[in-house]
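What follows is a single structure, written as structure tokens, with notes after it.
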There are 2 protein chains.
Amino acid sequence: MSNKNIMLTPGPTPLPPQVLEAMSRPLIHHRTEEFGGMFAGVIEDMKWVYRTKGEVLMMTCSGTGAMESAVANLLSPGDKTLVCTTGAFGDRFVAIHKAFGLQPVVLPFDWGRAVDPEVLRRALRANSGLKAVFFQHTDTSTGIVNRLETLAKIVREESGALVVVDSVSGLACERLETDAWGLDAVVTGSQKGLMNAPGLGFVALSERAWKAAQTATLPRYNFDYRIMKKSLADRETPWTPAISVVAGQAAALKLLRAEGMEAVWKRHDELAAYARKLLSAKLGLPFYAKDPANILTGIVLPEGVDGNKLLANILKEEGISIAGGQLHLKGKICRVAHMAYISKSDVEAGVEALAARLAKAKV
Amino acid sequence: MSNKNIMLTPGPTPLPPQVLEAMSRPLIHHRTEEFGGMFAGVIEDMKWVYRTKGEVLMMTCSGTGAMESAVANLLSPGDKTLVCTTGAFGDRFVAIHKAFGLQPVVLPFDWGRAVDPEVLRRALRANSGLKAVFFQHTDTSTGIVNRLETLAKIVREESGALVVVDSVSGLACERLETDAWGLDAVVTGSQKGLMNAPGLGFVALSERAWKAAQTATLPRYNFDYRIMKKSLADRETPWTPAISVVAGQAAALKLLRAEGMEAVWKRHDELAAYARKLLSAKLGLPFYAKDPANILTGIVLPEGVDGNKLLANILKEEGISIAGGQLHLKGKICRVAHMAYISKSDVEAGVEALAARLAKAKV
């Protein structure tokens, strides 16, 4: 008997019915007052999610596009930067730098570990003249969370560098205070904590970051923040946006507004604790992350278990999507997400499916 | 009494109910066999639309992103290029070049005119060593169509340059034969002839273009064709795609497949002829384009009529979206689209609304 489809993946995450309904409406043309009102509302609500009074810009892209936009808009050829890597997405920031001809100083941490504040401090002291320091808020490849409040404070104490954060998977799941913590650029995507379909990227910019964007000289056009900001004054995007996904975002933000940010964070605290308790009780397998985020739990699979096959079978036979490991972790871990619109019962179904198969070694 | 909302705009265009329904379905995770099958189907169907046996790649972006991808992937610093401009979108290709540090030779044609083949030939003879020549297929700012078969032939005769085409608004409306006409790179977007919501870009690449993409050195990461092609082998996109919009695209392509490309083109021929006959009879105003495309008809408004106000009122009071003029044509022309899922009755309603207001000078 087949289960309903359950998505326990750390992005895309399942969509609330209000979001699906919004996306199924006939398109509104993007150069109309009606769209302008919806778009301006999304930007205002995003400021509320970001906890910022600064600029928020929207673009049609995946999270990677939003990450690239931060590099291309804030930096110039020859700029010195520091990239803290805590998994696959830190490596992606490095790859983007290299694609744009920059050679960042890379500060790698063991997978499963967050950035160590004192190691960061030493790296900042050893590298003067940094233009920007790059962090992940959470890294879905490992399930860690970085303590951005502490890290940003150290960057401020030791350097004049901009603090650039990839919060594609963290925003609206884990606490984040753009203004209060002094984060200069925070990029995100629509398909995780924002409870929407993929297709939109956002960036929050401090005044310092906005100034940097006006003089930086790396090439960009599609992702040029200056062009986006000019259109935003007319409640427009410069290029045709993913209108249906904007409608979905407006609906999802309405749900987050109704719940309240503190309540959203608390819900994630509680669901993460519940998921880990359940995973411990039913599976008894070690957790992968030493500095775990609220967004997902990575579980180290027993030797001899083919994780890829296990998860493929659970999807095929029970309709439950659980993510496997990335890169060198492929087949060795599985990642149970407990974020965004994922519910307690979704987590229970996923843990049940894993437990049943692992117990019988019926992979 | 309010009309149903009618979109007579040249992108986004109205969506078939099958597309809206597809976008309202729960998300499929993008690293699954189910998504892989859908995505591979979209790529196959796009090859059919493009009339190519070459590569087709998909990205999450607006049409402008797809245009930028062609510049960034095919060119290197210092490359000589020729950009033929026939309206706002030719200017956009120039702006993208400049943002990437290139100084193209610009061959401008009067707005409302297509590229003149013999002027192109002279420009090619006067500029040796061109790496690429850029064209619009159709330009929605003016409503012209370029005769790409002839133009591409001349480029082949006079130079070794790649033929790069922006067919964001032309594809699946106006005839286009990627392989037979020798087009090397053809970019498009999902929200026009492809009858889908905005959010996806595509490019078709000839073997020559694919070779160029492998050695070109302009910076790109999010839009890197090499990374996309690698993922395509696994029926994946490298970054999380706009999954709902991909589902919409699969549904829309199914409709185009059922109709057949020849029939789609014929339908556009006929609807354009019908719209122009109706516009002549009911409005009696001059058409803007001297080399008109099948996608839309630009009408020159009488002196003293404020086009912006006219169209805003039609939208507000009758729910019909008609596009105005862009840049120096703002307020001076209106553009009635007759493309994609726009129907005969939609066109009739739009012409009626224009005629009624213009007759009474009740703007």
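Numbering starts fresh at 1 for the residues of each chain in the structure tokens, the chains themselves are lettered A, B, ... in the order given, and ligands are numbered from 1 as they appear.
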Superposition output for chain B against chain A, all Cα paired in order, as a compact mmCIF listing (two decimals) with C-alpha atoms, in the first residue's frame:
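result29.txt, written as the output of this step:
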```
# COMPACT_ATOMS: atom_id res chain seq x y z
CA MET B 1 -0.01 0.01 -0.01
CA SER B 2 1.60 3.20 -1.06
CA ASN B 3 2.26 6.07 1.26
CA LYS B 4 1.53 9.63 0.16
CA ASN B 5 4.67 11.22 -1.25
CA ILE B 6 6.76 12.70 1.54
CA MET B 7 9.73 14.96 0.89
CA LEU B 8 12.29 14.86 3.71
CA THR B 9 14.98 16.60 1.68
CA PRO B 10 16.83 19.74 2.74
CA GLY B 11 15.65 21.73 -0.28
CA PRO B 12 13.49 21.64 -2.14
CA THR B 13 11.19 21.20 0.82
CA PRO B 14 7.47 20.35 0.59
CA LEU B 15 5.13 23.16 -0.37
CA PRO B 16 2.15 24.34 1.68
CA PRO B 17 -1.11 24.06 -0.27
CA GLN B 18 -1.43 27.86 -0.24
CA VAL B 19 1.82 28.09 -2.19
CA LEU B 20 0.74 25.49 -4.75
CA GLU B 21 -2.56 27.30 -5.16
CA ALA B 22 -0.79 30.64 -5.71
CA MET B 23 1.42 29.10 -8.39
CA SER B 24 -1.57 27.68 -10.21
CA ARG B 25 -3.17 31.10 -10.76
CA PRO B 26 -3.04 32.75 -14.19
CA LEU B 27 0.04 34.93 -14.55
CA ILE B 28 0.02 38.61 -13.65
CA HIS B 29 2.13 40.64 -16.07
CA HIS B 30 5.26 41.87 -14.31
CA ARG B 31 4.95 45.49 -15.45
CA THR B 32 1.63 46.16 -13.72
CA GLU B 33 0.59 47.75 -10.46
CA GLU B 34 -0.81 44.43 -9.29
CA PHE B 35 2.51 42.67 -9.70
CA GLY B 36 4.36 45.69 -8.30
CA GLY B 37 2.30 45.48 -5.14
CA MET B 38 2.95 41.76 -4.77
CA PHE B 39 6.66 42.15 -5.45
CA ALA B 40 7.05 45.07 -3.05
CA GLY B 41 5.25 42.99 -0.43
CA VAL B 42 7.67 40.11 -0.94
CA ILE B 43 10.63 42.46 -0.51
CA GLU B 44 9.12 43.95 2.67
CA ASP B 45 8.39 40.51 4.08
CA MET B 46 11.90 39.35 3.20
CA LYS B 47 13.33 42.30 5.18
CA TRP B 48 11.26 41.05 8.08
CA VAL B 49 12.63 37.51 7.65
CA TYR B 50 16.19 38.79 7.27
CA ARG B 51 15.77 41.09 10.30
CA THR B 52 17.17 44.02 8.36
CA LYS B 53 16.36 47.60 7.50
CA GLY B 54 18.85 47.43 4.63
CA GLU B 55 18.37 46.57 0.96
CA VAL B 56 16.84 43.30 -0.14
CA LEU B 57 17.04 42.36 -3.81
CA MET B 58 15.39 39.48 -5.68
CA MET B 59 16.61 37.59 -8.71
CA THR B 60 15.39 34.64 -10.78
CA CYS B 61 17.94 31.89 -10.19
CA SER B 62 18.95 28.97 -8.01
CA GLY B 63 20.84 29.43 -4.75
CA THR B 64 24.10 29.10 -6.67
CA GLY B 65 23.14 32.10 -8.78
CA ALA B 66 22.55 34.12 -5.61
CA MET B 67 25.95 33.00 -4.28
CA GLU B 68 27.63 34.05 -7.53
CA SER B 69 25.85 37.41 -7.38
CA ALA B 70 27.53 38.19 -4.06
CA VAL B 71 31.00 37.42 -5.40
CA ALA B 72 30.48 39.28 -8.69
CA ASN B 73 28.90 42.37 -7.10
CA LEU B 74 31.12 42.89 -4.08
CA LEU B 75 34.58 42.11 -5.44
CA SER B 76 37.09 43.36 -7.98
CA PRO B 77 39.99 41.57 -9.68
CA GLY B 78 42.85 41.07 -7.24
CA ASP B 79 40.72 41.42 -4.11
CA LYS B 80 41.86 39.34 -1.18
CA THR B 81 39.15 37.23 0.43
CA LEU B 82 38.87 34.46 2.97
CA VAL B 83 36.45 31.58 2.42
CA CYS B 84 35.64 29.37 5.39
CA THR B 85 34.60 25.95 4.13
CA THR B 86 32.51 23.51 6.14
CA GLY B 87 31.25 21.27 3.34
CA ALA B 88 30.20 21.23 -0.29
CA PHE B 89 28.75 24.74 -0.28
CA GLY B 90 31.91 26.36 1.07
CA ASP B 91 33.73 24.63 -1.77
CA ARG B 92 31.19 26.16 -4.13
CA PHE B 93 32.08 29.67 -2.95
CA VAL B 94 35.72 28.81 -3.67
CA ALA B 95 34.85 27.50 -7.15
CA ILE B 96 32.90 30.70 -7.91
CA HIS B 97 35.88 32.80 -6.80
CA LYS B 98 38.19 30.84 -9.08
CA ALA B 99 35.79 31.07 -12.02
CA PHE B 100 35.98 34.85 -11.60
CA GLY B 101 39.77 34.84 -11.48
CA LEU B 102 40.11 35.34 -7.71
CA GLN B 103 42.39 33.31 -5.49
CA PRO B 104 40.76 33.28 -2.06
CA VAL B 105 42.50 32.17 1.09
CA VAL B 106 40.62 28.99 1.97
CA LEU B 107 40.12 28.08 5.62
CA PRO B 108 38.83 24.52 5.62
CA PHE B 109 37.20 22.82 8.58
CA ASP B 110 36.61 19.10 8.88
CA TRP B 111 33.29 18.02 7.41
CA GLY B 112 30.75 17.86 10.20
CA ARG B 113 32.39 20.70 12.10
CA ALA B 114 31.42 24.37 12.24
CA VAL B 115 33.92 27.21 11.81
CA ASP B 116 36.10 27.41 14.91
CA PRO B 117 36.07 31.06 16.08
CA GLU B 118 39.68 31.07 17.29
CA VAL B 119 40.99 29.45 14.12
CA LEU B 120 39.11 32.15 12.21
CA ARG B 121 40.70 34.84 14.39
CA ARG B 122 44.20 33.54 13.69
CA ALA B 123 43.49 33.40 9.95
CA LEU B 124 42.24 36.99 10.00
CA ARG B 125 45.40 38.10 11.80
CA ALA B 126 47.59 36.24 9.32
CA ASN B 127 45.83 37.75 6.30
CA SER B 128 45.62 41.51 6.25
CA GLY B 129 43.74 43.59 3.72
CA LEU B 130 40.84 41.19 3.26
CA LYS B 131 37.94 42.62 1.30
CA ALA B 132 35.42 39.98 2.41
CA VAL B 133 35.04 36.81 4.47
CA PHE B 134 32.62 34.11 3.26
CA PHE B 135 30.61 31.75 5.46
CA GLN B 136 27.78 29.29 5.20
CA HIS B 137 25.02 29.81 7.71
CA THR B 138 24.16 26.12 7.56
CA ASP B 139 25.72 23.61 5.17
CA THR B 140 23.25 20.99 3.97
CA SER B 141 26.05 18.67 2.83
CA THR B 142 27.08 18.11 6.46
CA GLY B 143 24.18 19.46 8.52
CA ILE B 144 26.27 21.93 10.51
CA VAL B 145 25.37 25.42 11.64
CA ASN B 146 27.89 28.22 12.00
CA ARG B 147 27.54 30.59 14.94
CA LEU B 148 27.41 33.69 12.76
CA GLU B 149 26.93 36.17 15.58
CA THR B 150 30.28 35.18 17.09
CA LEU B 151 32.04 34.83 13.74
CA ALA B 152 30.88 38.19 12.41
CA LYS B 153 31.99 39.85 15.64
CA ILE B 154 35.47 38.41 15.25
CA VAL B 155 35.67 39.60 11.64
CA ARG B 156 34.73 43.10 12.83
CA GLU B 157 37.33 43.00 15.60
CA GLU B 158 40.17 41.78 13.42
CA SER B 159 39.53 43.30 9.99
CA GLY B 160 37.52 45.67 7.87
CA ALA B 161 36.28 42.85 5.67
CA LEU B 162 32.67 42.43 4.60
CA VAL B 163 30.86 39.46 6.13
CA VAL B 164 29.21 37.49 3.32
CA VAL B 165 26.84 34.68 4.25
CA ASP B 166 25.26 31.88 2.26
CA SER B 167 22.03 31.30 4.13
CA VAL B 168 20.36 29.44 1.27
CA SER B 169 19.44 26.59 3.59
CA GLY B 170 19.50 28.40 6.92
CA LEU B 171 17.25 31.41 6.57
CA ALA B 172 13.86 31.10 8.24
CA CYS B 173 15.01 27.88 9.92
CA GLU B 174 17.95 28.87 12.11
CA ARG B 175 18.17 32.17 13.94
CA LEU B 176 19.71 34.91 11.81
CA GLU B 177 19.87 38.62 12.58
CA THR B 178 21.28 40.45 9.59
CA ASP B 179 21.51 43.91 11.17
CA ALA B 180 22.10 43.03 14.83
CA TRP B 181 24.89 40.60 13.98
CA GLY B 182 26.53 42.91 11.43
CA LEU B 183 26.16 40.65 8.40
CA ASP B 184 26.90 42.58 5.21
CA ALA B 185 25.49 40.32 2.52
CA VAL B 186 23.21 37.37 3.11
CA VAL B 187 22.09 35.33 0.11
CA THR B 188 19.27 32.83 0.12
CA GLY B 189 16.98 30.81 -2.13
CA SER B 190 13.23 30.35 -2.20
CA GLN B 191 13.10 26.56 -1.85
CA LYS B 192 14.16 25.90 1.75
CA GLY B 193 13.12 27.79 4.85
CA LEU B 194 11.11 30.15 2.68
CA MET B 195 8.72 27.24 1.92
CA ASN B 196 8.46 28.04 -1.76
CA ALA B 197 9.36 26.32 -5.02
CA PRO B 198 12.93 26.82 -6.26
CA GLY B 199 13.56 29.61 -8.75
CA LEU B 200 14.18 32.77 -6.74
CA GLY B 201 17.31 34.08 -5.07
CA PHE B 202 17.50 36.95 -2.59
CA VAL B 203 20.25 39.02 -1.06
CA ALA B 204 20.19 41.34 1.94
CA LEU B 205 22.82 44.08 1.78
CA SER B 206 24.19 46.33 4.51
CA GLU B 207 25.09 49.90 3.68
CA ARG B 208 28.76 48.89 3.51
CA ALA B 209 27.94 46.08 1.07
CA TRP B 210 25.81 48.36 -1.07
CA LYS B 211 28.70 50.84 -1.25
CA ALA B 212 31.06 48.03 -2.26
CA ALA B 213 28.62 46.92 -4.98
CA GLN B 214 28.68 50.38 -6.50
CA THR B 215 32.43 50.36 -7.09
CA ALA B 216 33.30 46.66 -7.51
CA THR B 217 34.49 45.83 -11.01
CA LEU B 218 34.02 42.08 -11.53
CA PRO B 219 31.83 41.58 -14.59
CA ARG B 220 28.09 41.07 -14.08
CA TYR B 221 24.94 42.08 -15.87
CA ASN B 222 22.10 39.63 -15.19
CA PHE B 223 23.08 39.69 -11.51
CA ASP B 224 24.02 43.38 -11.28
CA TYR B 225 22.70 44.71 -7.96
CA ARG B 226 22.84 48.30 -9.24
CA ILE B 227 20.41 47.50 -12.06
CA MET B 228 18.15 45.57 -9.67
CA LYS B 229 18.06 48.42 -7.19
CA LYS B 230 17.14 50.92 -9.86
CA SER B 231 14.15 48.78 -10.90
CA LEU B 232 13.14 48.16 -7.32
CA ALA B 233 12.38 51.87 -6.96
CA ASP B 234 9.62 51.30 -9.55
CA ARG B 235 8.50 48.08 -7.80
CA GLU B 236 9.85 46.06 -10.71
CA THR B 237 12.61 43.62 -11.51
CA PRO B 238 14.87 44.57 -14.41
CA TRP B 239 14.27 41.26 -16.23
CA THR B 240 11.09 39.18 -16.39
CA PRO B 241 10.97 37.34 -13.05
CA ALA B 242 9.65 33.84 -12.39
CA ILE B 243 6.19 35.35 -11.79
CA SER B 244 4.50 32.16 -10.54
CA VAL B 245 7.28 31.56 -8.07
CA VAL B 246 6.96 35.16 -6.85
CA ALA B 247 3.26 34.50 -6.28
CA GLY B 248 4.21 31.35 -4.37
CA GLN B 249 6.70 33.35 -2.32
CA ALA B 250 4.10 35.95 -1.39
CA ALA B 251 1.81 33.16 -0.14
CA ALA B 252 4.60 31.44 1.81
CA LEU B 253 5.74 34.67 3.43
CA LYS B 254 2.18 35.33 4.53
CA LEU B 255 2.31 32.02 6.41
CA LEU B 256 5.64 32.89 8.03
CA ARG B 257 4.33 36.32 9.00
CA ALA B 258 1.27 34.76 10.62
CA GLU B 259 3.46 32.40 12.64
CA GLY B 260 6.12 34.96 13.63
CA MET B 261 9.90 34.56 13.27
CA GLU B 262 10.49 33.64 16.91
CA ALA B 263 7.86 30.93 16.66
CA VAL B 264 9.35 29.66 13.38
CA TRP B 265 12.76 29.33 15.02
CA LYS B 266 11.27 27.65 18.07
CA ARG B 267 9.40 25.18 15.86
CA HIS B 268 12.71 24.24 14.22
CA ASP B 269 14.42 23.86 17.61
CA GLU B 270 11.69 21.52 18.72
CA LEU B 271 11.38 19.48 15.54
CA ALA B 272 15.17 18.99 15.39
CA ALA B 273 15.22 17.79 19.00
CA TYR B 274 12.27 15.48 18.36
CA ALA B 275 13.82 14.06 15.17
CA ARG B 276 17.11 13.33 16.90
CA LYS B 277 15.42 11.67 19.84
CA LEU B 278 13.44 9.50 17.46
CA LEU B 279 16.45 8.68 15.29
CA SER B 280 18.48 7.69 18.35
CA ALA B 281 15.71 5.50 19.70
CA LYS B 282 14.80 3.79 16.44
CA LEU B 283 18.12 3.61 14.59
CA GLY B 284 20.83 3.95 17.23
CA LEU B 285 23.31 5.09 14.58
CA PRO B 286 25.86 7.88 15.05
CA PHE B 287 25.02 11.38 13.88
CA TYR B 288 27.39 12.86 11.33
CA ALA B 289 27.62 16.51 12.41
CA LYS B 290 29.51 17.51 15.53
CA ASP B 291 27.95 21.00 15.39
CA PRO B 292 24.46 20.10 14.21
CA ALA B 293 22.00 22.51 12.66
CA ASN B 294 18.26 22.45 13.17
CA ILE B 295 17.67 21.88 9.48
CA LEU B 296 18.66 18.25 9.07
CA THR B 297 20.36 15.31 10.74
CA GLY B 298 23.00 13.30 8.96
CA ILE B 299 23.17 9.65 10.04
CA VAL B 300 26.25 7.51 9.46
CA LEU B 301 25.07 4.25 7.90
CA PRO B 302 26.52 0.91 9.04
CA GLU B 303 29.44 -0.48 7.01
CA GLY B 304 28.18 -2.63 4.19
CA VAL B 305 24.89 -0.78 3.76
CA ASP B 306 24.63 0.82 0.32
CA GLY B 307 23.01 4.14 1.18
CA ASN B 308 22.18 4.97 -2.42
CA LYS B 309 20.25 1.75 -2.87
CA LEU B 310 18.56 2.09 0.53
CA LEU B 311 17.22 5.58 -0.23
CA ALA B 312 16.32 4.74 -3.83
CA ASN B 313 14.22 1.83 -2.58
CA ILE B 314 12.51 3.90 0.10
CA LEU B 315 11.61 6.46 -2.55
CA LYS B 316 10.45 3.86 -5.05
CA GLU B 317 8.46 1.67 -2.68
CA GLU B 318 7.26 4.13 -0.07
CA GLY B 319 7.31 7.48 -1.83
CA ILE B 320 9.58 9.07 0.76
CA SER B 321 12.50 11.24 -0.48
CA ILE B 322 15.47 11.21 1.89
CA ALA B 323 18.77 12.73 0.76
CA GLY B 324 21.98 10.71 0.65
CA GLY B 325 25.54 11.90 1.13
CA GLN B 326 27.29 14.23 -1.29
CA LEU B 327 30.77 13.79 -2.83
CA HIS B 328 32.92 11.51 -0.61
CA LEU B 329 29.90 10.81 1.61
CA LYS B 330 27.87 9.34 -1.26
CA GLY B 331 26.29 6.10 -0.05
CA LYS B 332 27.76 6.48 3.44
CA ILE B 333 25.32 8.82 5.17
CA CYS B 334 21.70 9.77 4.82
CA ARG B 335 20.32 13.16 5.64
CA VAL B 336 16.88 13.46 7.21
CA ALA B 337 15.64 17.01 6.91
CA HIS B 338 13.37 18.58 9.54
CA MET B 339 12.90 22.08 8.28
CA ALA B 340 10.47 24.44 6.62
CA TYR B 341 7.07 22.80 5.90
CA ILE B 342 8.28 19.33 6.91
CA SER B 343 6.03 18.08 9.72
CA LYS B 344 6.46 15.82 12.71
CA SER B 345 4.49 13.07 10.96
CA ASP B 346 6.72 13.39 7.87
CA VAL B 347 9.78 12.86 10.05
CA GLU B 348 8.12 9.91 11.79
CA ALA B 349 7.33 8.25 8.47
CA GLY B 350 10.91 8.72 7.27
CA VAL B 351 12.48 7.38 10.45
CA GLU B 352 10.08 4.41 10.41
CA ALA B 353 11.05 3.55 6.84
CA LEU B 354 14.77 3.76 7.62
CA ALA B 355 14.41 1.75 10.82
CA ALA B 356 12.37 -1.02 9.20
CA ARG B 357 14.85 -1.56 6.40
CA LEU B 358 17.98 -1.25 8.48
CA ALA B 359 16.64 -3.65 11.15
CA LYS B 360 16.00 -6.38 8.64
CA ALA B 361 19.09 -5.45 6.66
CA LYS B 362 16.41 -5.33 3.98
CA VAL B 363 18.05 -2.50 2.12
```
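Those residues in segment 25-64 of chain B carrying a DSSP assignment of strand (DSSP E), computed from the backbone, are Glu55, Val56, Leu57, Met58, Met59 and Thr60 of chain B.
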Would you export the selected residues with C-alpha atoms as a PDB file, in the first residue's frame, please?
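Output file result-v4.pdb is given in full below:
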```pdb
ATOM      1  CA  GLU B  55      23.122  20.210 -27.515  1.00  0.00           C
ATOM      2  CA  VAL B  56      20.285  21.872 -25.653  1.00  0.00           C
ATOM      3  CA  LEU B  57      20.933  23.133 -22.134  1.00  0.00           C
ATOM      4  CA  MET B  58      18.494  24.500 -19.547  1.00  0.00           C
ATOM      5  CA  MET B  59      19.075  27.065 -16.841  1.00  0.00           C
ATOM      6  CA  THR B  60      16.950  28.781 -14.191  1.00  0.00           C
TER       7      THR B  60
END
```
Report as a PyMOL selection string: the residues of segment 80-231 of chain B with a DSSP assignment of helix (DSSP H, G or I), based on the backbone of this structure. chain B and resi 88-99+117-126+148-158+207-215+225-231
